[in-house]
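Have a look at input32.cif; it's mmCIF, C-alpha atoms and all ligand atoms:
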data_query
#
loop_
_atom_site.group_PDB
_atom_site.id
_atom_site.type_symbol
_atom_site.label_atom_id
_atom_site.label_comp_id
_atom_site.auth_asym_id
_atom_site.auth_seq_id
_atom_site.Cartn_x
_atom_site.Cartn_y
_atom_site.Cartn_z
ATOM 1 C CA ARG I 1 109.925 142.947 48.809
ATOM 2 C CA ALA I 2 113.221 144.473 47.854
ATOM 3 C CA ILE I 3 113.184 147.643 45.844
ATOM 4 C CA ARG I 4 114.016 146.636 42.324
ATOM 5 C CA HIS I 5 116.868 148.368 40.625
ATOM 6 C CA LEU I 6 115.867 148.851 37.050
ATOM 7 C CA HIS I 7 118.366 150.052 34.610
ATOM 8 C CA ALA I 8 116.542 151.662 31.710
ATOM 9 C CA ARG I 9 117.830 152.807 28.377
ATOM 10 C CA VAL I 10 115.602 154.870 26.152
ATOM 11 C CA ALA I 11 116.139 154.996 22.428
ATOM 12 C CA PRO I 12 114.027 157.253 20.213
ATOM 13 C CA LEU I 13 112.646 155.300 17.224
ATOM 14 C CA GLY I 14 110.968 158.117 15.403
ATOM 15 C CA PRO I 15 108.466 160.887 16.151
ATOM 16 C CA SER I 16 105.886 158.697 17.980
ATOM 17 C CA PHE I 17 107.811 155.616 19.283
ATOM 18 C CA VAL I 18 110.504 155.122 21.851
ATOM 19 C CA LEU I 19 112.128 151.835 22.722
ATOM 20 C CA VAL I 20 112.705 151.324 26.456
ATOM 21 C CA LEU I 21 115.124 148.562 27.434
ATOM 22 C CA CYS I 22 114.858 147.495 31.045
ATOM 23 C CA ASP I 23 117.592 145.505 32.663
ATOM 24 C CA ASP I 24 116.762 144.143 36.119
ATOM 25 C CA GLN I 25 119.781 144.665 38.343
ATOM 26 C CA THR I 26 118.176 143.519 41.595
ATOM 27 C CA GLU I 27 119.901 140.126 41.542
ATOM 28 C CA ALA I 28 123.280 141.620 40.606
ATOM 29 C CA LYS I 29 122.993 144.144 43.448
ATOM 30 C CA ARG I 30 122.011 141.416 45.912
ATOM 31 C CA LEU I 31 124.959 139.224 44.889
ATOM 32 C CA GLU I 32 127.310 142.158 45.228
ATOM 33 C CA ALA I 33 126.006 142.816 48.758
ATOM 34 C CA VAL I 34 126.400 139.113 49.656
ATOM 35 C CA ARG I 35 129.982 139.176 48.360
ATOM 36 C CA ARG I 36 130.792 142.332 50.313
ATOM 37 C CA ASP I 37 129.321 140.867 53.511
ATOM 38 C CA PHE I 38 131.301 137.695 52.994
ATOM 39 C CA VAL I 39 134.598 139.532 52.587
ATOM 40 C CA ALA I 40 133.840 141.620 55.692
ATOM 41 C CA ASN I 41 132.999 138.477 57.674
ATOM 42 C CA VAL I 42 136.101 136.633 56.501
ATOM 43 C CA SER I 43 138.332 139.563 57.452
ATOM 44 C CA HIS I 44 136.717 139.810 60.856
ATOM 45 C CA GLU I 45 136.969 136.067 61.516
ATOM 46 C CA LEU I 46 140.620 135.961 60.451
ATOM 47 C CA LYS I 47 141.534 138.976 62.551
ATOM 48 C CA THR I 48 140.478 137.304 65.809
ATOM 49 C CA PRO I 49 142.977 134.399 65.829
ATOM 50 C CA ILE I 50 145.698 136.492 64.165
ATOM 51 C CA GLY I 51 145.296 139.175 66.851
ATOM 52 C CA ALA I 52 145.408 136.544 69.583
ATOM 53 C CA ILE I 53 148.587 134.994 68.169
ATOM 54 C CA ALA I 54 150.268 138.414 67.968
ATOM 55 C CA LEU I 55 149.412 139.183 71.603
ATOM 56 C CA LEU I 56 150.544 135.758 72.762
ATOM 57 C CA ALA I 57 153.835 136.124 70.896
ATOM 58 C CA GLU I 58 154.421 139.384 72.753
ATOM 59 C CA ALA I 59 153.531 137.762 76.053
ATOM 60 C CA VAL I 60 155.978 134.917 75.418
ATOM 61 C CA THR I 61 158.777 137.472 75.008
ATOM 62 C CA ASP I 62 157.708 139.362 78.134
ATOM 63 C CA PHE I 63 157.586 136.195 80.215
ATOM 64 C CA ALA I 64 160.692 134.567 78.717
ATOM 65 C CA ASP I 65 162.083 133.742 82.181
ATOM 66 C CA ASP I 66 158.886 132.006 83.366
ATOM 67 C CA PRO I 67 158.837 128.535 81.754
ATOM 68 C CA GLU I 68 155.321 127.760 82.990
ATOM 69 C CA ALA I 69 153.889 130.902 81.415
ATOM 70 C CA VAL I 70 155.787 130.266 78.187
ATOM 71 C CA GLU I 71 154.296 126.768 78.032
ATOM 72 C CA ARG I 72 150.788 128.107 78.653
ATOM 73 C CA PHE I 73 151.071 130.839 76.039
ATOM 74 C CA GLY I 74 152.656 128.376 73.609
ATOM 75 C CA ALA I 75 149.729 125.975 73.986
ATOM 76 C CA ARG I 76 147.269 128.800 73.335
ATOM 77 C CA MET I 77 149.197 129.882 70.284
ATOM 78 C CA GLN I 78 148.947 126.344 68.967
ATOM 79 C CA ARG I 79 145.172 126.330 69.536
ATOM 80 C CA GLU I 80 144.754 129.667 67.787
ATOM 81 C CA SER I 81 146.858 128.648 64.796
ATOM 82 C CA LYS I 82 144.899 125.400 64.520
ATOM 83 C CA ARG I 83 141.727 127.466 64.453
ATOM 84 C CA LEU I 84 143.207 129.723 61.806
ATOM 85 C CA THR I 85 144.150 126.746 59.634
ATOM 86 C CA GLN I 86 140.666 125.258 60.014
ATOM 87 C CA LEU I 87 139.037 128.560 59.151
ATOM 88 C CA VAL I 88 141.133 129.002 56.010
ATOM 89 C CA GLN I 89 140.447 125.403 54.963
ATOM 90 C CA GLU I 90 136.693 125.871 55.426
ATOM 91 C CA ILE I 91 136.726 129.122 53.462
ATOM 92 C CA ILE I 92 138.483 127.296 50.609
ATOM 93 C CA ASP I 93 136.032 124.360 50.847
ATOM 94 C CA LEU I 94 133.087 126.724 50.787
ATOM 95 C CA SER I 95 134.283 128.681 47.797
ATOM 96 C CA ARG I 96 134.928 125.447 45.901
ATOM 97 C CA VAL I 97 131.513 123.935 46.535
ATOM 98 C CA GLN I 98 129.805 127.274 45.973
ATOM 99 C CA ASP I 99 131.325 127.678 42.559
ATOM 100 C CA HIS I 100 130.617 124.022 41.735
ATOM 101 C CA GLU I 101 134.316 123.729 41.097
ATOM 102 C CA THR I 102 134.371 120.175 42.373
ATOM 103 C CA PRO I 103 132.827 118.049 39.674
ATOM 104 C CA ALA I 104 130.165 115.653 40.830
ATOM 105 C CA ALA I 105 131.784 112.390 39.746
ATOM 106 C CA SER I 106 129.443 109.970 38.104
ATOM 107 C CA GLU I 107 130.274 106.956 40.255
ATOM 108 C CA LEU I 108 127.609 105.046 42.154
ATOM 109 C CA ILE I 109 128.133 105.611 45.853
ATOM 110 C CA PRO I 110 126.470 103.286 48.374
ATOM 111 C CA ILE I 111 124.985 105.479 51.074
ATOM 112 C CA SER I 112 125.857 103.013 53.861
ATOM 113 C CA GLN I 113 129.532 103.439 53.006
ATOM 114 C CA VAL I 114 129.245 107.219 53.252
ATOM 115 C CA ILE I 115 127.585 106.930 56.660
ATOM 116 C CA ASP I 116 130.071 104.358 57.991
ATOM 117 C CA ASP I 117 133.023 106.458 56.903
ATOM 118 C CA ALA I 118 131.580 109.664 58.371
ATOM 119 C CA VAL I 119 130.842 107.898 61.660
ATOM 120 C CA ASP I 120 134.358 106.392 61.794
ATOM 121 C CA ARG I 121 135.916 109.807 61.337
ATOM 122 C CA ALA I 122 133.762 111.312 64.115
ATOM 123 C CA ALA I 123 134.244 108.406 66.549
ATOM 124 C CA THR I 124 137.198 109.812 68.488
ATOM 125 C CA ARG I 125 135.352 113.049 69.257
ATOM 126 C CA ALA I 126 132.249 111.108 70.299
ATOM 127 C CA ASP I 127 134.334 108.916 72.626
ATOM 128 C CA SER I 128 135.917 111.923 74.258
ATOM 129 C CA LYS I 129 132.416 113.096 75.274
ATOM 130 C CA ASN I 130 131.140 109.614 76.015
ATOM 131 C CA ILE I 131 128.517 110.009 73.287
ATOM 132 C CA THR I 132 127.204 106.876 71.584
ATOM 133 C CA LEU I 133 126.901 106.999 67.802
ATOM 134 C CA GLN I 134 124.090 104.701 66.753
ATOM 135 C CA VAL I 135 123.789 103.810 63.085
ATOM 136 C CA VAL I 136 120.399 102.592 61.904
ATOM 137 C CA SER I 137 119.972 101.685 58.273
ATOM 138 C CA GLY I 138 116.707 100.839 56.642
ATOM 139 C CA GLY I 139 118.226 99.518 53.415
ATOM 140 C CA GLU I 140 120.841 100.085 50.793
ATOM 141 C CA TRP I 141 120.699 102.746 48.113
ATOM 142 C CA ALA I 142 123.219 104.580 46.021
ATOM 143 C CA VAL I 143 123.603 108.156 44.937
ATOM 144 C CA GLU I 144 125.655 109.600 42.160
ATOM 145 C CA GLY I 145 128.295 112.099 43.100
ATOM 146 C CA ASN I 146 131.516 112.914 44.841
ATOM 147 C CA TYR I 147 132.348 110.474 47.652
ATOM 148 C CA GLU I 148 134.629 112.732 49.729
ATOM 149 C CA LEU I 149 132.174 115.631 49.604
ATOM 150 C CA LEU I 150 129.277 113.463 50.726
ATOM 151 C CA VAL I 151 131.294 111.997 53.608
ATOM 152 C CA ASN I 152 132.319 115.528 54.530
ATOM 153 C CA ALA I 153 128.655 116.632 54.601
ATOM 154 C CA VAL I 154 127.461 113.769 56.821
ATOM 155 C CA ARG I 155 130.502 114.077 59.055
ATOM 156 C CA ASN I 156 129.805 117.774 59.550
ATOM 157 C CA LEU I 157 126.312 116.964 60.803
ATOM 158 C CA VAL I 158 127.613 114.245 63.134
ATOM 159 C CA ASP I 159 130.342 116.581 64.444
ATOM 160 C CA ASN I 160 127.746 119.264 65.174
ATOM 161 C CA ALA I 161 125.480 116.751 66.894
ATOM 162 C CA ILE I 162 128.433 115.871 69.159
ATOM 163 C CA SER I 163 129.445 119.500 69.745
ATOM 164 C CA TYR I 164 125.977 120.652 70.733
ATOM 165 C CA SER I 165 125.081 117.689 72.971
ATOM 166 C CA ASN I 166 125.877 116.923 76.577
ATOM 167 C CA GLU I 167 128.145 114.114 77.674
ATOM 168 C CA GLY I 168 126.654 110.634 77.833
ATOM 169 C CA THR I 169 123.882 111.236 75.271
ATOM 170 C CA GLN I 170 123.177 109.454 71.978
ATOM 171 C CA VAL I 171 123.415 110.501 68.371
ATOM 172 C CA GLY I 172 121.473 108.513 65.772
ATOM 173 C CA ILE I 173 122.481 108.339 62.129
ATOM 174 C CA GLY I 174 120.110 106.646 59.721
ATOM 175 C CA ALA I 175 119.119 106.334 56.091
ATOM 176 C CA LYS I 176 115.678 105.591 54.696
ATOM 177 C CA LEU I 177 113.525 106.227 51.661
ATOM 178 C CA ASP I 178 111.429 109.360 51.741
ATOM 179 C CA ASP I 179 109.069 110.010 48.871
ATOM 180 C CA GLY I 180 111.429 108.551 46.293
ATOM 181 C CA ARG I 181 114.539 110.192 47.717
ATOM 182 C CA ILE I 182 117.182 108.981 50.145
ATOM 183 C CA ALA I 183 116.916 110.674 53.527
ATOM 184 C CA ILE I 184 120.009 110.643 55.721
ATOM 185 C CA ALA I 185 119.066 111.865 59.178
ATOM 186 C CA VAL I 186 121.340 112.795 62.076
ATOM 187 C CA THR I 187 119.459 113.106 65.358
ATOM 188 C CA ASP I 188 120.812 114.333 68.670
ATOM 189 C CA GLN I 189 119.507 114.885 72.191
ATOM 190 C CA GLY I 190 121.397 118.140 72.508
ATOM 191 C CA ILE I 191 120.673 121.789 73.246
ATOM 192 C CA GLY I 192 118.376 122.262 70.243
ATOM 193 C CA LEU I 193 117.566 125.438 68.353
ATOM 194 C CA SER I 194 114.810 128.036 68.462
ATOM 195 C CA ARG I 195 112.560 128.366 65.418
ATOM 196 C CA GLU I 196 114.295 131.627 64.498
ATOM 197 C CA ASP I 197 117.700 129.985 64.619
ATOM 198 C CA THR I 198 116.647 126.982 62.530
ATOM 199 C CA GLU I 199 115.940 129.468 59.759
ATOM 200 C CA ARG I 200 119.412 131.002 59.983
ATOM 201 C CA VAL I 201 121.858 128.187 60.746
ATOM 202 C CA PHE I 202 122.689 127.605 57.081
ATOM 203 C CA GLU I 203 123.884 131.188 56.634
ATOM 204 C CA ARG I 204 127.624 131.649 56.384
ATOM 205 C CA PHE I 205 129.268 132.488 59.726
ATOM 206 C CA TYR I 206 125.956 132.275 61.610
ATOM 207 C CA ARG I 207 126.408 130.962 65.143
ATOM 208 C CA VAL I 208 123.689 130.879 67.761
ATOM 209 C CA ASP I 209 126.190 131.328 70.548
ATOM 210 C CA PRO I 210 129.562 132.499 69.227
ATOM 211 C CA ALA I 211 131.237 132.020 72.620
ATOM 212 C CA ARG I 212 130.181 128.379 72.879
ATOM 213 C CA SER I 213 130.933 127.770 69.254
ATOM 214 C CA ARG I 214 134.420 129.126 69.799
ATOM 215 C CA VAL I 215 135.017 126.669 72.627
ATOM 216 C CA THR I 216 133.903 123.785 70.394
ATOM 217 C CA GLY I 217 136.140 125.114 67.610
ATOM 218 C CA GLY I 218 133.223 126.075 65.350
ATOM 219 C CA THR I 219 133.583 128.585 62.546
ATOM 220 C CA GLY I 220 129.936 129.011 61.546
ATOM 221 C CA LEU I 221 130.740 127.770 58.054
ATOM 222 C CA GLY I 222 130.057 124.041 58.457
ATOM 223 C CA LEU I 223 126.346 124.028 57.672
ATOM 224 C CA SER I 224 126.645 126.349 54.694
ATOM 225 C CA ILE I 225 129.283 124.000 53.273
ATOM 226 C CA VAL I 226 126.898 121.070 53.836
ATOM 227 C CA LYS I 227 124.067 122.971 52.172
ATOM 228 C CA HIS I 228 126.145 123.640 49.066
ATOM 229 C CA ILE I 229 127.452 120.064 48.862
ATOM 230 C CA VAL I 230 123.906 118.741 49.070
ATOM 231 C CA ALA I 231 122.650 121.250 46.477
ATOM 232 C CA SER I 232 125.456 120.289 44.089
ATOM 233 C CA HIS I 233 124.151 116.709 44.308
ATOM 234 C CA GLY I 234 120.623 117.803 43.438
ATOM 235 C CA GLY I 235 119.387 117.475 47.016
ATOM 236 C CA GLU I 236 118.294 119.626 49.929
ATOM 237 C CA ILE I 237 118.805 119.824 53.680
ATOM 238 C CA ARG I 238 116.136 120.245 56.343
ATOM 239 C CA VAL I 239 116.231 120.769 60.067
ATOM 240 C CA TRP I 240 113.792 119.974 62.825
ATOM 241 C CA SER I 241 114.668 121.143 66.293
ATOM 242 C CA GLN I 242 113.281 122.059 69.663
ATOM 243 C CA LEU I 243 115.146 124.037 72.303
ATOM 244 C CA GLY I 244 116.424 121.790 75.061
ATOM 245 C CA GLN I 245 115.212 118.619 73.326
ATOM 246 C CA GLY I 246 117.517 118.078 70.410
ATOM 247 C CA SER I 247 117.733 118.382 66.657
ATOM 248 C CA THR I 248 117.427 116.333 63.499
ATOM 249 C CA PHE I 249 119.241 117.425 60.367
ATOM 250 C CA THR I 250 118.093 115.556 57.258
ATOM 251 C CA ILE I 251 119.854 115.422 53.922
ATOM 252 C CA LEU I 252 117.576 114.447 51.021
ATOM 253 C CA LEU I 253 119.286 113.130 47.898
ATOM 254 C CA PRO I 254 117.997 111.755 44.624
ATOM 255 C CA ILE I 255 118.591 108.032 44.150
ATOM 256 C CA ALA I 256 121.001 107.280 41.327
ATOM 257 C CA ARG I 257 119.665 105.404 38.324
ATOM 258 C CA GLY I 258 120.110 101.769 39.323
ATOM 259 C CA GLY I 259 120.878 102.937 42.849
ATOM 260 C CA ASP I 260 118.083 100.912 44.419
ATOM 261 C CA SER I 261 118.795 97.656 42.644
ATOM 262 C CA PRO I 262 118.688 94.266 44.414
ATOM 263 C CA GLU I 263 122.328 93.680 43.304
ATOM 264 C CA LEU I 264 123.389 96.692 45.302
ATOM 265 C CA ALA I 265 121.526 95.499 48.366
ATOM 266 C CA ALA I 266 123.148 92.051 48.004
ATOM 267 C CA ALA I 267 126.610 93.585 47.579
ATOM 268 C CA ALA I 268 126.105 95.664 50.710
ATOM 269 C CA GLU I 269 125.236 92.576 52.743
ATOM 270 C CA GLN I 270 128.479 90.802 51.899
HETATM 271 P P1 LIG I 301 129.832 125.819 63.746
HETATM 272 O O1 LIG I 301 131.155 125.651 63.096
HETATM 273 O O2 LIG I 301 129.731 127.015 64.635
HETATM 274 O O3 LIG I 301 129.311 124.567 64.364
HETATM 275 P P2 LIG I 301 127.806 125.433 61.693
HETATM 276 O O4 LIG I 301 127.595 126.164 60.412
HETATM 277 O O5 LIG I 301 128.128 123.981 61.590
HETATM 278 O O6 LIG I 301 128.906 126.229 62.485
HETATM 279 O O7 LIG I 301 126.529 125.618 62.584
HETATM 280 C C1 LIG I 301 125.995 126.924 62.772
HETATM 281 C C2 LIG I 301 125.376 127.051 64.141
HETATM 282 O O8 LIG I 301 124.204 126.229 64.222
HETATM 283 C C3 LIG I 301 126.259 126.567 65.294
HETATM 284 O O9 LIG I 301 127.122 127.577 65.732
HETATM 285 C C4 LIG I 301 125.248 126.170 66.326
HETATM 286 O O10 LIG I 301 124.870 127.320 67.067
HETATM 287 C C5 LIG I 301 124.053 125.703 65.519
HETATM 288 N N1 LIG I 301 123.989 124.218 65.416
HETATM 289 C C6 LIG I 301 124.479 123.456 64.425
HETATM 290 N N2 LIG I 301 124.215 122.151 64.625
HETATM 291 C C7 LIG I 301 123.535 122.086 65.789
HETATM 292 C C8 LIG I 301 122.960 121.012 66.556
HETATM 293 N N3 LIG I 301 123.035 119.738 66.151
HETATM 294 N N4 LIG I 301 122.322 121.331 67.715
HETATM 295 C C9 LIG I 301 122.230 122.630 68.118
HETATM 296 N N5 LIG I 301 122.741 123.676 67.446
HETATM 297 C C10 LIG I 301 123.387 123.420 66.305
#

Rewrite the structure of this file - the entire thing - as structure tokens.
Amino acid sequence: RAIRHLHARVAPLGPSFVLVLCDDQTEAKRLEAVRRDFVANVSHELKTPIGAIALLAEAVTDFADDPEAVERFGARMQRESKRLTQLVQEIIDLSRVQDHETPAASELIPISQVIDDAVDRAATRADSKNITLQVVSGGEWAVEGNYELLVNAVRNLVDNAISYSNEGTQVGIGAKLDDGRIAIAVTDQGIGLSREDTERVFERFYRVDPARSRVTGGTGLGLSIVKHIVASHGGEIRVWSQLGQGSTFTILLPIARGGDSPELAAAAEQ
């Protein structure tokens, strides 16, 4: 275990007593290290696209009389600035959900609506890889929380399932009851993860294969955003995966009070 950093203050209380006040600074030190790592990672991640854009801008000037080269460099500059924008947006999203800045609204949210919306938003990417998105629902339940954040979380999982799968495969998205909680599972037939990697994928900026992730436009922040969104709704996220076989990411959320009522089920069927 980590060496504990104890901060002790000793106050003499008389000839035979001393009062020792111990203040455990282990957690504060750990948080400080996490913050420092995060800032270092952010700077590093931002430097890559900024550096690329600077080089490309120079190249455009050097090749000003070659329209084909200018077009090629221009297209790459666009890709890099898109990546930069996405990165900045994800850093903002992460800091908001981390600090619980986004209040969990107290509206009842039907889970089927969250899934349908997330699937709709991922459909174009799935089509471009000829991947079928198959929605299976075992019933209708509601959770309490923030609609956009929940859609964002499920969509992130579906996007990953698409990114890390081969063309022509299937991705299943389903909801069911699991020990009194709602389980939303996203299953793919993709490249899978080793046991070691399943333990690390929720860390900020962790990517199994940075080169591949870069091609798919990944930042390594998606799953840590999902983890925080789920935690802010009182839930947790689990992963099952096998290399070469595929993965299942499952979000477990508490059912809202009244969120498993027959009225809700009837409303969902209309
Ligand atoms: P990224 O933006 O790189 O996708 P994430 O935080 O969403 O970042 O995921 C972290 C890493 O976990 C990815 O880079 C990828 O290596 C791995 N990963 C995530 N989802 C899957 C999946 N469905 N199948 C295989 N690997 C995955």

Using all atoms listed in the file, determine which residues lie at most 12 Å from Asp117 of chain I, disregarding the query and same-chain residues fewer than 6 positions distant; provide the list as a list in words.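 Everything that qualifies: Pro110, Ile111, Ala123, Val135, Tyr147, Glu148, Leu149, Leu150, Val151, Asn152, Ala153, Val154, Arg155, Val158 and Ile173 of chain I.
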
Identify all residues satisfying the PyMOL selection byres (((chain I and resi 97) around 10) and not hetatm) in the given file; provide them as an mmCIF file with C-alpha atoms, keeping the file's coordinate frame.
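Below you can see selection.cif, which holds the result:
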data_model
loop_
_atom_site.group_PDB
_atom_site.id
_atom_site.type_symbol
_atom_site.label_atom_id
_atom_site.label_comp_id
_atom_site.auth_asym_id
_atom_site.auth_seq_id
_atom_site.Cartn_x
_atom_site.Cartn_y
_atom_site.Cartn_z
ATOM 1 C CA ILE I 92 138.483 127.296 50.609
ATOM 2 C CA ASP I 93 136.032 124.360 50.847
ATOM 3 C CA LEU I 94 133.087 126.724 50.787
ATOM 4 C CA SER I 95 134.283 128.681 47.797
ATOM 5 C CA ARG I 96 134.928 125.447 45.901
ATOM 6 C CA GLN I 98 129.805 127.274 45.973
ATOM 7 C CA ASP I 99 131.325 127.678 42.559
ATOM 8 C CA HIS I 100 130.617 124.022 41.735
ATOM 9 C CA GLU I 101 134.316 123.729 41.097
ATOM 10 C CA THR I 102 134.371 120.175 42.373
ATOM 11 C CA PRO I 103 132.827 118.049 39.674
ATOM 12 C CA LEU I 149 132.174 115.631 49.604
ATOM 13 C CA SER I 224 126.645 126.349 54.694
ATOM 14 C CA ILE I 225 129.283 124.000 53.273
ATOM 15 C CA VAL I 226 126.898 121.070 53.836
ATOM 16 C CA LYS I 227 124.067 122.971 52.172
ATOM 17 C CA HIS I 228 126.145 123.640 49.066
ATOM 18 C CA ILE I 229 127.452 120.064 48.862
ATOM 19 C CA VAL I 230 123.906 118.741 49.070
ATOM 20 C CA ALA I 231 122.650 121.250 46.477
ATOM 21 C CA SER I 232 125.456 120.289 44.089
#

Using all atoms listed in the file, determine which residues fall within 9 Å of ligand LIG 301 (chain I), then list them as a PyMOL selection string. chain I and resi 156-165+186-193+197-198+200-210+212-214+216-226+241+243+246-249

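Atom CA of Val136 of chain I is positioned 7.2 Å from atom CA of Gly172 of chain I.
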
Measure the distance from atom CA of Arg79 of chain I to atom CA of Ala52 of chain I in Å and round it to one decimal. 10.2 Å

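The closest residue to Lys82 of chain I, picked from I:Leu56, I:Val70, I:Ile50, I:Ala256 and counting all atoms listed in the file, is I:Ile50.
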
Please, what is the axis-aligned box for every listed atom of segment 199-207 of chain I with 6 Å on each side, as centre and edge lengths in Å to one decimal, as AutoDock Vina command-line options?
--center_x 122.6 --center_y 130.0 --center_z 60.8 --size_x 25.3 --size_y 16.9 --size_z 20.8

In Å to one decimal, how far is atom CA of Ser81 of chain I from atom CA of Glu45 of chain I?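 Atom-to-atom, atom CA of Glu45 of chain I and atom CA of Ser81 of chain I are spaced 12.8 Å apart.
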
To test your reading of the syntax: which residues would the PyMOL selection byres (((chain I and resi 132) around 10) and not hetatm) return for the file shown? Reply as JSON, numbers by chain. {"I": [123, 126, 127, 129, 130, 131, 133, 134, 135, 162, 167, 168, 169, 170, 171, 172]}

Could you tell me, as a PDB file with C-alpha atoms, in the frame of the given file, exactly which residues end up selected when the PyMOL selection byres (((chain I and resi 255) around 6) and not hetatm) is applied to this structure?
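Result saved to out.pdb:
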ATOM      1  CA  VAL I 143     123.603 108.156  44.937  1.00  0.00           C
ATOM      2  CA  ARG I 181     114.539 110.192  47.717  1.00  0.00           C
ATOM      3  CA  PRO I 254     117.997 111.755  44.624  1.00  0.00           C
ATOM      4  CA  ALA I 256     121.001 107.280  41.327  1.00  0.00           C
ATOM      5  CA  GLY I 259     120.878 102.937  42.849  1.00  0.00           C
TER       6      GLY I 259
END

Can you work out which one of I:Ala142, I:Ala33, I:Val39, I:Ala59 has the shortest atom-to-atom distance to Ile91 of chain I, counting only C-alpha atoms?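 Going through I:Ala142, I:Ala33, I:Val39, I:Ala59 one by one, the smallest distance to Ile91 of chain I is for I:Val39.
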